[in-house]
file structure_21.cif (mmCIF, C-alpha atoms)
data_final
loop_
_atom_site.label_atom_id
_atom_site.label_comp_id
_atom_site.auth_asym_id
_atom_site.auth_seq_id
_atom_site.Cartn_x
_atom_site.Cartn_y
_atom_site.Cartn_z
CA MET E 1213 -105.65 31.33 -77.48
CA MET E 1214 -103.79 34.63 -76.93
CA GLU E 1215 -100.41 35.89 -78.14
CA LYS E 1216 -97.95 36.08 -75.23
CA THR E 1217 -96.36 39.53 -75.33
CA TRP E 1218 -94.10 41.52 -73.01
CA ARG E 1219 -93.59 45.22 -72.46
CA TRP E 1220 -89.97 45.95 -73.32
CA PHE E 1221 -88.33 49.36 -73.05
CA GLY E 1222 -85.96 49.19 -75.99
CA LYS E 1223 -82.34 48.31 -76.61
CA LYS E 1224 -81.23 49.78 -73.27
CA ASP E 1225 -83.69 47.64 -71.29
CA LYS E 1226 -81.81 45.45 -68.81
CA ILE E 1227 -84.29 42.69 -69.65
CA THR E 1228 -82.99 41.54 -73.03
CA LEU E 1229 -84.78 39.93 -75.95
CA PRO E 1230 -82.80 36.66 -75.59
CA MET E 1231 -84.04 36.47 -71.99
CA LEU E 1232 -87.61 36.89 -73.22
CA ARG E 1233 -87.22 34.16 -75.85
CA GLN E 1234 -86.21 31.75 -73.09
CA ILE E 1235 -89.35 32.36 -71.02
CA GLY E 1236 -91.81 31.85 -73.86
CA VAL E 1237 -92.55 35.40 -75.00
CA GLU E 1238 -93.83 35.57 -78.59
CA GLY E 1239 -94.43 39.27 -79.25
CA ILE E 1240 -92.96 42.54 -78.05
CA VAL E 1241 -94.84 45.60 -76.81
CA THR E 1242 -92.64 48.66 -77.10
CA ALA E 1243 -92.24 52.18 -78.46
CA LEU E 1244 -89.67 54.63 -79.80
CA HIS E 1245 -88.97 55.87 -76.29
CA GLU E 1246 -86.17 58.17 -77.41
CA VAL E 1247 -88.45 60.24 -79.68
CA PRO E 1248 -89.84 63.33 -77.87
CA ASN E 1249 -93.61 63.43 -77.44
CA GLY E 1250 -95.23 65.07 -80.44
CA ASP E 1251 -92.40 64.41 -82.88
CA ILE E 1252 -92.92 62.20 -85.94
CA TRP E 1253 -91.91 58.54 -85.83
CA THR E 1254 -90.02 57.98 -89.08
CA GLU E 1255 -90.18 54.82 -91.15
CA GLU E 1256 -86.41 54.48 -90.76
CA ALA E 1257 -86.59 54.50 -86.94
CA ILE E 1258 -89.59 52.15 -86.87
CA ASN E 1259 -87.97 49.66 -89.25
CA ASP E 1260 -84.69 49.78 -87.33
CA LEU E 1261 -86.38 48.71 -84.09
CA LYS E 1262 -88.67 46.25 -85.85
CA SER E 1263 -85.71 44.54 -87.56
CA TYR E 1264 -83.83 44.38 -84.27
CA ILE E 1265 -86.77 42.64 -82.58
CA GLU E 1266 -87.22 40.24 -85.48
CA SER E 1267 -83.52 39.34 -85.44
CA TYR E 1268 -84.23 37.56 -82.15
CA GLY E 1269 -87.17 35.58 -83.54
CA LEU E 1270 -89.82 37.84 -82.04
CA ARG E 1271 -92.25 40.32 -83.55
CA TRP E 1272 -93.25 43.87 -82.69
CA SER E 1273 -96.87 43.13 -81.84
CA VAL E 1274 -98.10 46.33 -80.19
CA VAL E 1275 -96.97 49.93 -79.82
CA GLU E 1276 -97.27 51.06 -76.22
CA SER E 1277 -97.43 53.93 -76.39
CA LEU E 1278 -97.58 56.49 -79.15
CA PRO E 1279 -98.22 59.29 -76.62
CA VAL E 1280 -101.07 61.74 -77.08
CA CYS E 1281 -99.63 65.13 -76.13
CA GLU E 1282 -101.32 67.13 -73.40
CA ALA E 1283 -102.17 69.94 -75.86
CA ILE E 1284 -104.35 67.47 -77.80
CA LYS E 1285 -106.16 66.55 -74.59
CA TYR E 1286 -106.82 70.13 -73.43
CA ALA E 1287 -107.19 71.53 -76.97
CA GLY E 1288 -104.22 73.88 -76.96
CA PRO E 1289 -103.40 76.11 -79.96
CA GLU E 1290 -100.87 73.56 -81.27
CA ARG E 1291 -103.42 70.72 -81.20
CA ASP E 1292 -104.01 70.44 -84.94
CA GLN E 1293 -100.30 70.36 -85.80
CA LEU E 1294 -99.69 67.70 -83.15
CA ILE E 1295 -102.56 65.62 -84.58
CA GLU E 1296 -101.05 65.95 -88.06
CA ASN E 1297 -97.73 64.66 -86.70
CA TYR E 1298 -99.59 61.81 -84.99
CA LYS E 1299 -101.27 60.87 -88.28
CA VAL E 1300 -97.90 60.72 -90.06
CA SER E 1301 -96.51 58.47 -87.31
CA LEU E 1302 -99.56 56.18 -87.59
CA ALA E 1303 -99.16 55.98 -91.36
CA ASN E 1304 -95.48 55.12 -90.99
CA LEU E 1305 -96.27 52.39 -88.46
CA GLY E 1306 -98.86 50.94 -90.82
CA LYS E 1307 -96.43 51.00 -93.75
CA CYS E 1308 -93.92 49.12 -91.60
CA GLY E 1309 -96.47 46.48 -90.58
CA VAL E 1310 -96.96 47.50 -86.94
CA LYS E 1311 -100.72 47.65 -86.72
CA THR E 1312 -101.83 47.91 -83.05
CA VAL E 1313 -101.35 51.10 -81.05
CA CYS E 1314 -102.13 51.38 -77.34
CA TYR E 1315 -102.50 54.92 -76.00
CA ASN E 1316 -104.24 56.74 -73.17
CA PHE E 1317 -106.26 59.92 -72.78
CA MET E 1318 -105.55 60.53 -69.08
CA PRO E 1319 -104.79 64.19 -68.34
CA VAL E 1320 -101.35 64.93 -66.85
CA ILE E 1321 -100.89 61.72 -64.87
CA ASP E 1322 -100.95 58.07 -65.89
CA TRP E 1323 -101.38 55.20 -63.43
CA VAL E 1324 -101.26 56.25 -59.77
CA ARG E 1325 -99.84 54.38 -56.78
CA THR E 1326 -98.66 55.60 -53.39
CA ASP E 1327 -96.29 52.70 -52.63
CA LEU E 1328 -94.16 50.99 -55.26
CA GLN E 1329 -92.93 48.18 -52.98
CA HIS E 1330 -95.69 47.30 -50.56
CA PRO E 1331 -94.54 44.18 -48.69
CA TRP E 1332 -96.26 40.81 -48.73
CA ALA E 1333 -95.77 38.19 -46.01
CA ASP E 1334 -93.72 36.00 -48.37
CA GLY E 1335 -91.04 38.69 -48.82
CA SER E 1336 -92.13 39.92 -52.26
CA SER E 1337 -93.72 43.31 -52.84
CA SER E 1338 -96.18 44.93 -55.21
CA LEU E 1339 -97.76 48.25 -56.13
CA TYR E 1340 -100.29 49.71 -53.70
CA PHE E 1341 -102.74 52.62 -53.53
CA ASP E 1342 -103.46 54.14 -50.12
CA ARG E 1343 -106.27 56.69 -50.34
CA VAL E 1344 -105.27 58.58 -47.18
CA ARG E 1345 -101.65 58.91 -48.29
CA PHE E 1346 -102.85 60.06 -51.68
CA ALA E 1347 -105.09 62.62 -49.96
CA TYR E 1348 -102.06 63.74 -47.96
CA PHE E 1349 -100.09 64.31 -51.17
CA ASP E 1350 -103.00 66.20 -52.71
CA THR E 1351 -103.86 68.45 -49.77
CA MET E 1352 -100.58 68.85 -47.85
CA ILE E 1353 -97.81 68.53 -50.47
CA LEU E 1354 -99.42 69.59 -53.72
CA LYS E 1355 -101.77 71.97 -51.83
CA ARG E 1356 -104.27 71.87 -54.69
CA LYS E 1357 -106.96 74.51 -54.36
CA GLY E 1358 -110.25 72.97 -53.27
CA ALA E 1359 -108.70 69.51 -52.79
CA GLU E 1360 -110.32 69.02 -49.37
CA ALA E 1361 -113.75 68.85 -51.01
CA ASP E 1362 -112.77 65.56 -52.67
CA TYR E 1363 -112.31 63.71 -49.38
CA THR E 1364 -114.52 62.75 -46.46
CA GLU E 1365 -114.20 64.26 -43.00
CA GLU E 1366 -112.82 60.93 -41.78
CA GLU E 1367 -110.18 60.87 -44.52
CA LEU E 1368 -109.14 64.46 -43.74
CA ARG E 1369 -108.91 63.59 -40.05
CA LYS E 1370 -106.53 60.75 -40.92
CA VAL E 1371 -104.53 63.12 -43.14
CA ALA E 1372 -104.11 65.46 -40.15
CA GLU E 1373 -102.96 62.55 -37.99
CA LEU E 1374 -100.50 61.44 -40.66
CA ASP E 1375 -99.10 64.98 -40.87
CA LYS E 1376 -98.00 64.71 -37.22
CA VAL E 1377 -95.79 61.68 -37.81
CA ILE E 1378 -94.75 61.58 -41.47
CA THR E 1379 -91.03 62.21 -42.08
CA GLU E 1380 -89.46 64.36 -44.79
CA ALA E 1381 -88.03 61.19 -46.33
CA GLU E 1382 -91.51 59.66 -46.47
CA LYS E 1383 -92.85 62.82 -48.13
CA ASP E 1384 -90.10 62.63 -50.76
CA GLU E 1385 -90.88 58.96 -51.32
CA LEU E 1386 -94.56 59.79 -51.78
CA ILE E 1387 -93.72 62.43 -54.39
CA ASP E 1388 -91.44 59.96 -56.18
CA SER E 1389 -94.09 57.23 -56.14
CA ILE E 1390 -96.98 59.37 -57.39
CA ILE E 1391 -95.48 61.77 -59.93
CA VAL E 1392 -91.88 60.79 -60.72
CA LYS E 1393 -90.97 57.11 -60.85
CA THR E 1394 -94.28 56.03 -62.36
CA GLN E 1395 -94.56 58.87 -64.88
CA GLY E 1396 -91.22 59.57 -66.57
CA PHE E 1397 -91.09 56.34 -68.54
CA VAL E 1398 -94.83 56.43 -69.23
CA ASN E 1399 -95.67 59.90 -70.50
CA GLY E 1400 -92.47 61.94 -70.20
CA ASN E 1401 -94.17 64.85 -68.41
CA ILE E 1402 -91.98 64.56 -65.30
CA LYS E 1403 -88.66 62.75 -65.22
CA GLU E 1404 -86.30 61.58 -62.52
CA GLY E 1405 -83.79 64.36 -61.96
CA ASP E 1406 -86.27 67.23 -62.39
CA LYS E 1407 -85.40 69.71 -59.65
CA ASN E 1408 -88.93 70.63 -58.55
CA PRO E 1409 -91.37 67.98 -59.73
CA VAL E 1410 -94.21 69.31 -57.56
CA ALA E 1411 -94.00 72.75 -59.19
CA ILE E 1412 -93.91 71.18 -62.66
CA PHE E 1413 -96.92 69.07 -61.75
CA ARG E 1414 -98.89 72.10 -60.52
CA ASN E 1415 -98.22 73.85 -63.84
CA LEU E 1416 -99.46 70.81 -65.75
CA LEU E 1417 -102.65 70.68 -63.70
CA ALA E 1418 -103.26 74.37 -64.43
CA LEU E 1419 -103.46 73.59 -68.15
CA TYR E 1420 -106.76 71.83 -67.44
CA ASP E 1421 -108.48 74.69 -65.63
CA GLY E 1422 -112.01 74.79 -67.02
CA ILE E 1423 -111.74 71.37 -68.71
CA ASP E 1424 -114.51 69.12 -67.41
CA ARG E 1425 -115.64 65.64 -68.46
CA ALA E 1426 -117.73 66.97 -71.33
CA ALA E 1427 -114.86 69.04 -72.69
CA LEU E 1428 -112.34 66.22 -72.41
CA ARG E 1429 -114.76 63.84 -74.10
CA GLU E 1430 -115.19 66.27 -76.97
CA ASN E 1431 -111.41 66.60 -77.31
CA MET E 1432 -111.07 62.82 -77.44
CA ARG E 1433 -113.81 62.61 -80.08
CA TYR E 1434 -112.06 65.32 -82.13
CA PHE E 1435 -108.75 63.43 -81.96
CA LEU E 1436 -110.26 60.07 -82.90
CA ALA E 1437 -112.31 61.49 -85.76
CA ALA E 1438 -109.17 63.11 -87.17
CA ILE E 1439 -107.01 59.97 -87.13
CA MET E 1440 -109.54 57.31 -88.19
CA PRO E 1441 -109.09 57.88 -91.96
CA VAL E 1442 -105.37 57.13 -91.57
CA CYS E 1443 -106.15 54.07 -89.46
CA GLU E 1444 -108.54 52.81 -92.14
CA GLU E 1445 -106.05 53.40 -94.94
CA TYR E 1446 -103.20 51.56 -93.25
CA GLY E 1447 -105.14 49.02 -91.17
CA VAL E 1448 -104.00 50.38 -87.81
CA ASN E 1449 -106.05 49.59 -84.70
CA MET E 1450 -106.11 52.21 -81.94
CA CYS E 1451 -106.88 50.91 -78.45
CA VAL E 1452 -107.24 53.28 -75.52
CA HIS E 1453 -106.10 52.23 -72.05
CA PRO E 1454 -108.64 52.64 -69.23
CA ASP E 1455 -107.96 55.23 -66.56
CA ASP E 1456 -105.93 53.88 -63.64
CA PRO E 1457 -107.41 54.04 -61.08
CA PRO E 1458 -110.82 54.27 -62.72
CA PHE E 1459 -112.15 57.25 -60.80
CA GLN E 1460 -111.69 61.02 -60.65
CA ILE E 1461 -108.48 62.32 -59.04
CA LEU E 1462 -106.75 65.66 -58.48
CA GLY E 1463 -109.71 67.59 -59.86
CA LEU E 1464 -109.01 66.15 -63.31
CA PRO E 1465 -111.69 64.54 -65.46
CA ARG E 1466 -111.21 60.83 -66.14
CA ILE E 1467 -113.31 59.56 -69.02
CA VAL E 1468 -112.48 55.84 -69.46
CA THR E 1469 -113.53 54.46 -66.09
CA ASN E 1470 -116.58 52.21 -66.53
CA GLU E 1471 -119.04 50.60 -68.94
CA GLU E 1472 -120.80 53.87 -69.79
CA ASP E 1473 -117.48 55.62 -70.56
CA ILE E 1474 -116.25 52.80 -72.80
CA ALA E 1475 -119.53 52.66 -74.68
CA TRP E 1476 -119.41 56.45 -75.14
CA PHE E 1477 -116.01 56.67 -76.84
CA LEU E 1478 -116.67 53.60 -79.01
CA ASN E 1479 -119.97 55.10 -80.19
CA ALA E 1480 -118.66 58.66 -80.48
CA VAL E 1481 -116.41 57.53 -83.34
CA ASP E 1482 -118.02 54.26 -84.37
CA ASN E 1483 -115.22 52.67 -86.37
CA PRO E 1484 -113.76 49.17 -85.86
CA HIS E 1485 -110.28 50.70 -85.73
CA ASN E 1486 -111.34 52.70 -82.65
CA GLY E 1487 -111.04 50.16 -79.88
CA LEU E 1488 -110.11 49.29 -76.31
CA THR E 1489 -107.07 48.03 -74.47
CA PHE E 1490 -108.78 45.80 -71.93
CA CYS E 1491 -106.68 46.31 -68.79
CA ALA E 1492 -108.12 43.98 -66.18
CA GLY E 1493 -106.04 45.56 -63.43
CA SER E 1494 -107.09 49.13 -64.09
CA LEU E 1495 -110.76 48.23 -64.43
CA SER E 1496 -110.80 45.92 -61.40
CA ALA E 1497 -109.35 48.67 -59.18
CA GLY E 1498 -112.84 50.18 -59.22
CA GLU E 1499 -115.38 48.15 -57.26
CA HIS E 1500 -118.07 49.43 -59.64
CA ASN E 1501 -116.58 47.33 -62.47
CA ASP E 1502 -117.10 43.62 -63.14
CA THR E 1503 -114.32 42.69 -65.55
CA ARG E 1504 -116.16 39.62 -66.81
CA GLU E 1505 -119.26 41.56 -67.82
CA LEU E 1506 -117.15 44.29 -69.43
CA ALA E 1507 -115.15 41.70 -71.39
CA LYS E 1508 -118.29 40.03 -72.72
CA LYS E 1509 -119.74 43.39 -73.74
CA PHE E 1510 -116.63 44.88 -75.38
CA ALA E 1511 -114.58 41.89 -76.59
CA SER E 1512 -115.39 42.58 -80.24
CA ARG E 1513 -113.88 46.07 -80.00
CA THR E 1514 -110.88 45.00 -77.90
CA HIS E 1515 -107.54 44.95 -79.74
CA PHE E 1516 -105.12 44.33 -76.86
CA VAL E 1517 -105.38 42.82 -73.37
CA HIS E 1518 -103.47 43.54 -70.15
CA LEU E 1519 -103.89 40.66 -67.73
CA ARG E 1520 -103.38 41.47 -64.06
CA SER E 1521 -105.58 41.69 -61.00
CA THR E 1522 -106.21 43.86 -57.97
CA ALA E 1523 -107.72 43.28 -54.57
CA ALA E 1524 -109.94 45.93 -53.00
CA MET E 1525 -109.11 46.79 -49.41
CA PRO E 1526 -110.85 48.86 -46.70
CA GLY E 1527 -110.96 52.62 -47.05
CA GLY E 1528 -110.78 52.76 -50.82
CA ASN E 1529 -107.30 51.23 -50.93
CA PHE E 1530 -106.28 48.54 -53.41
CA ILE E 1531 -103.25 46.33 -54.03
CA GLU E 1532 -101.97 44.50 -57.10
CA SER E 1533 -102.71 40.89 -56.26
CA SER E 1534 -101.56 37.59 -57.69
CA HIS E 1535 -102.70 36.99 -61.26
CA LEU E 1536 -104.51 33.92 -59.88
CA GLU E 1537 -106.61 35.91 -57.43
CA GLY E 1538 -108.42 39.21 -56.94
CA ARG E 1539 -111.11 41.10 -58.82
CA GLY E 1540 -109.49 40.76 -62.24
CA HIS E 1541 -110.90 37.22 -62.72
CA VAL E 1542 -108.09 36.49 -65.17
CA ILE E 1543 -109.00 32.90 -66.05
CA ASP E 1544 -112.57 33.94 -66.89
CA LEU E 1545 -111.24 36.74 -69.10
CA ILE E 1546 -109.12 34.19 -70.97
CA ARG E 1547 -112.26 32.09 -71.46
CA ILE E 1548 -114.24 35.07 -72.75
CA PHE E 1549 -111.62 36.46 -75.12
CA GLY E 1550 -110.68 32.95 -76.25
CA GLN E 1551 -114.26 32.30 -77.34
CA ILE E 1552 -115.19 35.71 -78.75
CA LYS E 1553 -111.91 37.01 -80.17
CA PRO E 1554 -109.09 34.43 -80.05
CA GLY E 1555 -105.53 35.40 -80.93
CA LEU E 1556 -105.48 38.81 -79.26
CA PRO E 1557 -102.07 40.02 -78.07
CA MET E 1558 -101.90 39.77 -74.28
CA ARG E 1559 -99.26 40.94 -71.89
CA VAL E 1560 -98.99 40.28 -68.18
CA ASP E 1561 -98.96 43.64 -66.47
CA HIS E 1562 -97.26 44.82 -63.29
CA GLY E 1563 -95.53 41.86 -61.66
CA ARG E 1564 -94.38 41.59 -58.08
CA THR E 1565 -90.86 42.60 -57.09
CA MET E 1566 -89.08 39.41 -55.98
CA LEU E 1567 -85.87 37.38 -56.03
CA GLY E 1568 -83.54 40.37 -56.35
CA ASP E 1569 -85.66 42.41 -58.78
CA GLU E 1570 -85.51 45.34 -56.36
CA ASP E 1571 -81.78 45.81 -57.01
CA LYS E 1572 -81.91 45.75 -60.81
CA GLY E 1573 -83.21 49.26 -61.48
CA TYR E 1574 -86.26 48.12 -63.43
CA ASN E 1575 -89.12 50.54 -64.10
CA ALA E 1576 -91.69 50.53 -61.30
CA GLY E 1577 -94.11 47.63 -61.76
CA TYR E 1578 -92.01 46.06 -64.52
CA SER E 1579 -89.85 43.55 -62.70
CA PHE E 1580 -88.40 40.52 -64.46
CA HIS E 1581 -88.95 37.67 -62.02
CA GLY E 1582 -92.37 38.93 -60.93
CA ARG E 1583 -93.63 39.19 -64.49
CA MET E 1584 -92.03 35.87 -65.41
CA LEU E 1585 -94.00 34.22 -62.59
CA ALA E 1586 -97.17 35.97 -63.79
CA LEU E 1587 -96.56 34.83 -67.37
CA ALA E 1588 -96.18 31.24 -66.19
CA GLN E 1589 -99.42 31.51 -64.21
CA VAL E 1590 -101.28 32.97 -67.19
CA GLU E 1591 -99.81 30.41 -69.58
CA GLY E 1592 -101.10 27.69 -67.26
CA MET E 1593 -104.55 29.26 -67.23
CA MET E 1594 -104.55 29.45 -71.02
CA ALA E 1595 -103.67 25.76 -71.20
CA VAL E 1596 -106.61 24.93 -68.92
CA VAL E 1597 -109.00 27.00 -71.05
CA GLU E 1598 -107.72 25.48 -74.30
CA ASP E 1599 -108.34 22.02 -72.83
CA GLU E 1600 -111.86 23.05 -71.78
CA MET E 1601 -112.61 24.27 -75.29
CA LYS E 1602 -111.22 21.13 -76.95
CA ARG E 1603 -113.32 18.96 -74.68
CA ASN E 1604 -116.36 21.26 -75.08
CA ILE E 1605 -116.57 21.79 -71.33
CA LYS E 1606 -118.94 24.64 -70.46
CA VAL E 1607 -117.82 26.78 -67.51
CA GLU E 1608 -120.09 29.33 -65.87
CA TYR E 1609 -118.57 32.73 -65.20
#
call {"tool": "encode", "arguments": {"input": "structure_21.cif", "output": "structure tokens"}}
result
Amino acid sequence: MMEKTWRWFGKKDKITLPMLRQIGVEGIVTALHEVPNGDIWTEEAINDLKSYIESYGLRWSVVESLPVCEAIKYAGPERDQLIENYKVSLANLGKCGVKTVCYNFMPVIDWVRTDLQHPWADGSSSLYFDRVRFAYFDTMILKRKGAEADYTEEELRKVAELDKVITEAEKDELIDSIIVKTQGFVNGNIKEGDKNPVAIFRNLLALYDGIDRAALRENMRYFLAAIMPVCEEYGVNMCVHPDDPPFQILGLPRIVTNEEDIAWFLNAVDNPHNGLTFCAGSLSAGEHNDTRELAKKFASRTHFVHLRSTAAMPGGNFIESSHLEGRGHVIDLIRIFGQIKPGLPMRVDHGRTMLGDEDKGYNAGYSFHGRMLALAQVEGMMAVVEDEMKRNIKVEY
């Protein structure tokens, strides 16, 4: 049906490969996290990690991520050299037999949440996006020029009310949640321990002055056109991750947010190796997206699937819901991908924090017990769908 994979952060990850074997994981999603962005991944380093994974009876199924440097995205003077380095890394991955590469083309900031441990009634917690708190960060902490124009009068009124009661500790927590704890292990732009992350972040945003959607699209097309010959030669599939959340933020262009965006980049460089990471959570965070319709339309160009779900809440807020619920429609996605493109690598994405996960120092969103529960739920859904297919049961979705 789908290959059960798990995002693992390398040999220093507190969640070990023997633990993953015991809970039914088949493939590993990882990267050479110690290599600075833009440097070449050598065959020696790739084979070392690949052999380590295989020594535990698992396989390195997907690279997540081989980061695309900011200078490639905003077309800096070093862009062409960075693309050449990227091509060498892709070739080395292909030579070593690692053939699926997840990446993103989000400027400056990856996935955005305002609360990393939003409580549920049962005592667990999950990631949460509060639009007013995000607006507070943007207008009152970051003080981005022109930021107020991106919010309604009602939202700005609530920001002013929040400013009267928010504590310095809450402000620090908001900074950590938005630009530190969720970014360092993802894109390396800002890391825990940086003395003035807000100043660093402002400088990064400034790199995109004058870069609009059309310009960013052209830079993505330029990048994809440059690397596709290498992908063809070595059989490597590139799969871009949708923007998370799938709408414009911080004055930055976001160009993988909906059906029209996905169709654009697939057609801009129309090559089967240019594909999509279908992240049900990212896409479902936008009420304009129906994950089932998107899956049916783009399954043939999907190379990797992230299964999670979100629930939309009043005021533009959203929360990461149970994998059994929400707007992700996970069981229907399993039905669709199982029929159109069976065997895709799938990983459960962003589990709840529960049963002591909060004390283990895991990366935000990447708990052990929460993801283990999600994997069990998804495995159960896959078993149901496999039974439906064997019995030729037609299900409307």
call {"tool": "resolve_selection", "arguments": {"input": "structure_21.cif", "expression": "the PyMOL selection byres ((chain E and resi 1502) around 10)", "output": "NGL selection string"}}
result
:E and (1470-1471 or 1492 or 1495-1496 or 1498-1501 or 1503-1507 or 1539-1541)
call {"tool": "write_last_selection", "arguments": {"input": "structure_21.cif", "atoms": "C-alpha atoms", "output": "PDB file, in the coordinates of the input"}}
result
ATOM      1  CA  ASN E1470    -116.580  52.210 -66.530  1.00  0.00           C
ATOM      2  CA  GLU E1471    -119.040  50.600 -68.940  1.00  0.00           C
ATOM      3  CA  ALA E1492    -108.120  43.980 -66.180  1.00  0.00           C
ATOM      4  CA  LEU E1495    -110.760  48.230 -64.430  1.00  0.00           C
ATOM      5  CA  SER E1496    -110.800  45.920 -61.400  1.00  0.00           C
ATOM      6  CA  GLY E1498    -112.840  50.180 -59.220  1.00  0.00           C
ATOM      7  CA  GLU E1499    -115.380  48.150 -57.260  1.00  0.00           C
ATOM      8  CA  HIS E1500    -118.070  49.430 -59.640  1.00  0.00           C
ATOM      9  CA  ASN E1501    -116.580  47.330 -62.470  1.00  0.00           C
ATOM     10  CA  THR E1503    -114.320  42.690 -65.550  1.00  0.00           C
ATOM     11  CA  ARG E1504    -116.160  39.620 -66.810  1.00  0.00           C
ATOM     12  CA  GLU E1505    -119.260  41.560 -67.820  1.00  0.00           C
ATOM     13  CA  LEU E1506    -117.150  44.290 -69.430  1.00  0.00           C
ATOM     14  CA  ALA E1507    -115.150  41.700 -71.390  1.00  0.00           C
ATOM     15  CA  ARG E1539    -111.110  41.100 -58.820  1.00  0.00           C
ATOM     16  CA  GLY E1540    -109.490  40.760 -62.240  1.00  0.00           C
ATOM     17  CA  HIS E1541    -110.900  37.220 -62.720  1.00  0.00           C
TER      18      HIS E1541
END
call {"tool": "closest_residue", "arguments": {"input": "structure_21.cif", "among": "E:Gly1592, E:Leu1328, E:Trp1218, E:Tyr1609", "to": "Met1231 (chain E)", "atoms": "only C-alpha atoms"}}
result
E:Trp1218
call {"tool": "residues_around", "arguments": {"input": "structure_21.cif", "residues": "Thr1326 (chain E)", "least_positions_apart": "6", "cutoff": "9 Å", "atoms": "only C-alpha atoms", "output": "list in words"}}
result
Leu1339, Tyr1340, Phe1341, Asp1342, Arg1343, Arg1345, Phe1346, Glu1385, Leu1386, Ile1387, Asp1388, Ser1389 and Ile1390 of chain E
call {"tool": "closest_residue", "arguments": {"input": "structure_21.cif", "among": "E:Glu1276, E:Asp1260, E:Glu1608, E:Asp1251", "to": "Cys1451 (chain E)", "atoms": "all atoms listed in the file"}}
result
E:Glu1276
call {"tool": "resolve_selection", "arguments": {"input": "structure_21.cif", "expression": "the PyMOL selection byres ((chain E and resi 1555-1566) around 9)", "output": "MDAnalysis selection string"}}
result
chainID E and resid 1213:1219 1239:1241 1273:1274 1329 1335:1339 1491 1493 1514:1521 1532:1535 1549:1550 1553:1554 1567:1570 1576:1587 1590
call {"tool": "resolve_selection", "arguments": {"input": "structure_21.cif", "expression": "the PyMOL selection byres ((chain E and resi 1284) around 10)", "output": "short mmCIF file (atom, residue, chain, number, x, y, z; two decimals) with C-alpha atoms, keeping the file's coordinate frame"}}
result
data_model
loop_
_atom_site.label_atom_id
_atom_site.label_comp_id
_atom_site.auth_asym_id
_atom_site.auth_seq_id
_atom_site.Cartn_x
_atom_site.Cartn_y
_atom_site.Cartn_z
CA GLY E 1250 -95.23 65.07 -80.44
CA VAL E 1280 -101.07 61.74 -77.08
CA CYS E 1281 -99.63 65.13 -76.13
CA GLU E 1282 -101.32 67.13 -73.40
CA ALA E 1283 -102.17 69.94 -75.86
CA LYS E 1285 -106.16 66.55 -74.59
CA TYR E 1286 -106.82 70.13 -73.43
CA ALA E 1287 -107.19 71.53 -76.97
CA GLY E 1288 -104.22 73.88 -76.96
CA PRO E 1289 -103.40 76.11 -79.96
CA GLU E 1290 -100.87 73.56 -81.27
CA ARG E 1291 -103.42 70.72 -81.20
CA ASP E 1292 -104.01 70.44 -84.94
CA GLN E 1293 -100.30 70.36 -85.80
CA LEU E 1294 -99.69 67.70 -83.15
CA ILE E 1295 -102.56 65.62 -84.58
CA PHE E 1317 -106.26 59.92 -72.78
CA LEU E 1428 -112.34 66.22 -72.41
CA ASN E 1431 -111.41 66.60 -77.31
CA MET E 1432 -111.07 62.82 -77.44
CA TYR E 1434 -112.06 65.32 -82.13
CA PHE E 1435 -108.75 63.43 -81.96
#
call {"tool": "closest_residue", "arguments": {"input": "structure_21.cif", "among": "E:Gly1463, E:Gly1573, E:Gly1236, E:Pro1248", "to": "Tyr1363 (chain E)", "atoms": "all atoms listed in the file"}}
result
E:Gly1463
call {"tool": "closest_residue", "arguments": {"input": "structure_21.cif", "among": "E:Glu1430, E:Asp1456, E:Glu1382, E:Glu1404", "to": "Arg1325 (chain E)", "atoms": "all atoms listed in the file"}}
result
E:Asp1456
call {"tool": "residues_around", "arguments": {"input": "structure_21.cif", "residues": "Arg1433 (chain E)", "least_positions_apart": "5", "cutoff": "10 Å", "atoms": "all atoms listed in the file", "output": "PyMOL selection string"}}
result
chain E and resi 1427-1428+1438+1476-1481
call {"tool": "atom_distance", "arguments": {"input": "structure_21.cif", "atom1": "CA of Arg1233 (chain E)", "atom2": "CA of Leu1536 (chain E)"}}
result
23.5 Å
call {"tool": "closest_residue", "arguments": {"input": "structure_21.cif", "among": "E:Gly1222, E:Pro1230, E:Pro1454, E:Gly1306", "to": "Thr1254 (chain E)", "atoms": "only C-alpha atoms"}}
result
E:Gly1306
call {"tool": "closest_residue", "arguments": {"input": "structure_21.cif", "among": "E:Ile1474, E:Asp1455, E:Lys1357, E:Gly1538", "to": "Asp1421 (chain E)", "atoms": "only C-alpha atoms"}}
result
E:Lys1357
call {"tool": "axis_aligned_box", "arguments": {"input": "structure_21.cif", "around": "region 1437-1443 of chain E", "padding_each_side": "6 Å", "output": "JSON"}}
result
{"center_x": -108.8, "center_y": 58.6, "center_z": -88.9, "size_x": 18.9, "size_y": 21.0, "size_z": 18.2}
call {"tool": "residues_around", "arguments": {"input": "structure_21.cif", "residues": "Ile1391 (chain E)", "least_positions_apart": "4", "cutoff": "10 Å", "atoms": "only C-alpha atoms", "output": "list in words"}}
result
Val1320, Ile1321, Asp1322, Trp1323, Val1324, Arg1325, Thr1326, Leu1386, Ile1387, Gln1395, Gly1396, Asn1401, Ile1402, Lys1403, Glu1404, Pro1409, Val1410, Ile1412 and Phe1413 of chain E
call {"tool": "atom_distance", "arguments": {"input": "structure_21.cif", "atom1": "CA of Val1448 (chain E)", "atom2": "CA of Lys1224 (chain E)"}}
result
27.0 Å
call {"tool": "atom_distance", "arguments": {"input": "structure_21.cif", "atom1": "CA of Tyr1298 (chain E)", "atom2": "CA of His1453 (chain E)"}}
result
17.4 Å
call {"tool": "residues_near_point", "arguments": {"input": "structure_21.cif", "point": "(-103.4, 47.1, -86.4)", "cutoff": "6 Å", "atoms": "all atoms listed in the file", "output": "MDAnalysis selection string"}}
result
chainID E and resid 1311:1312 1447:1449
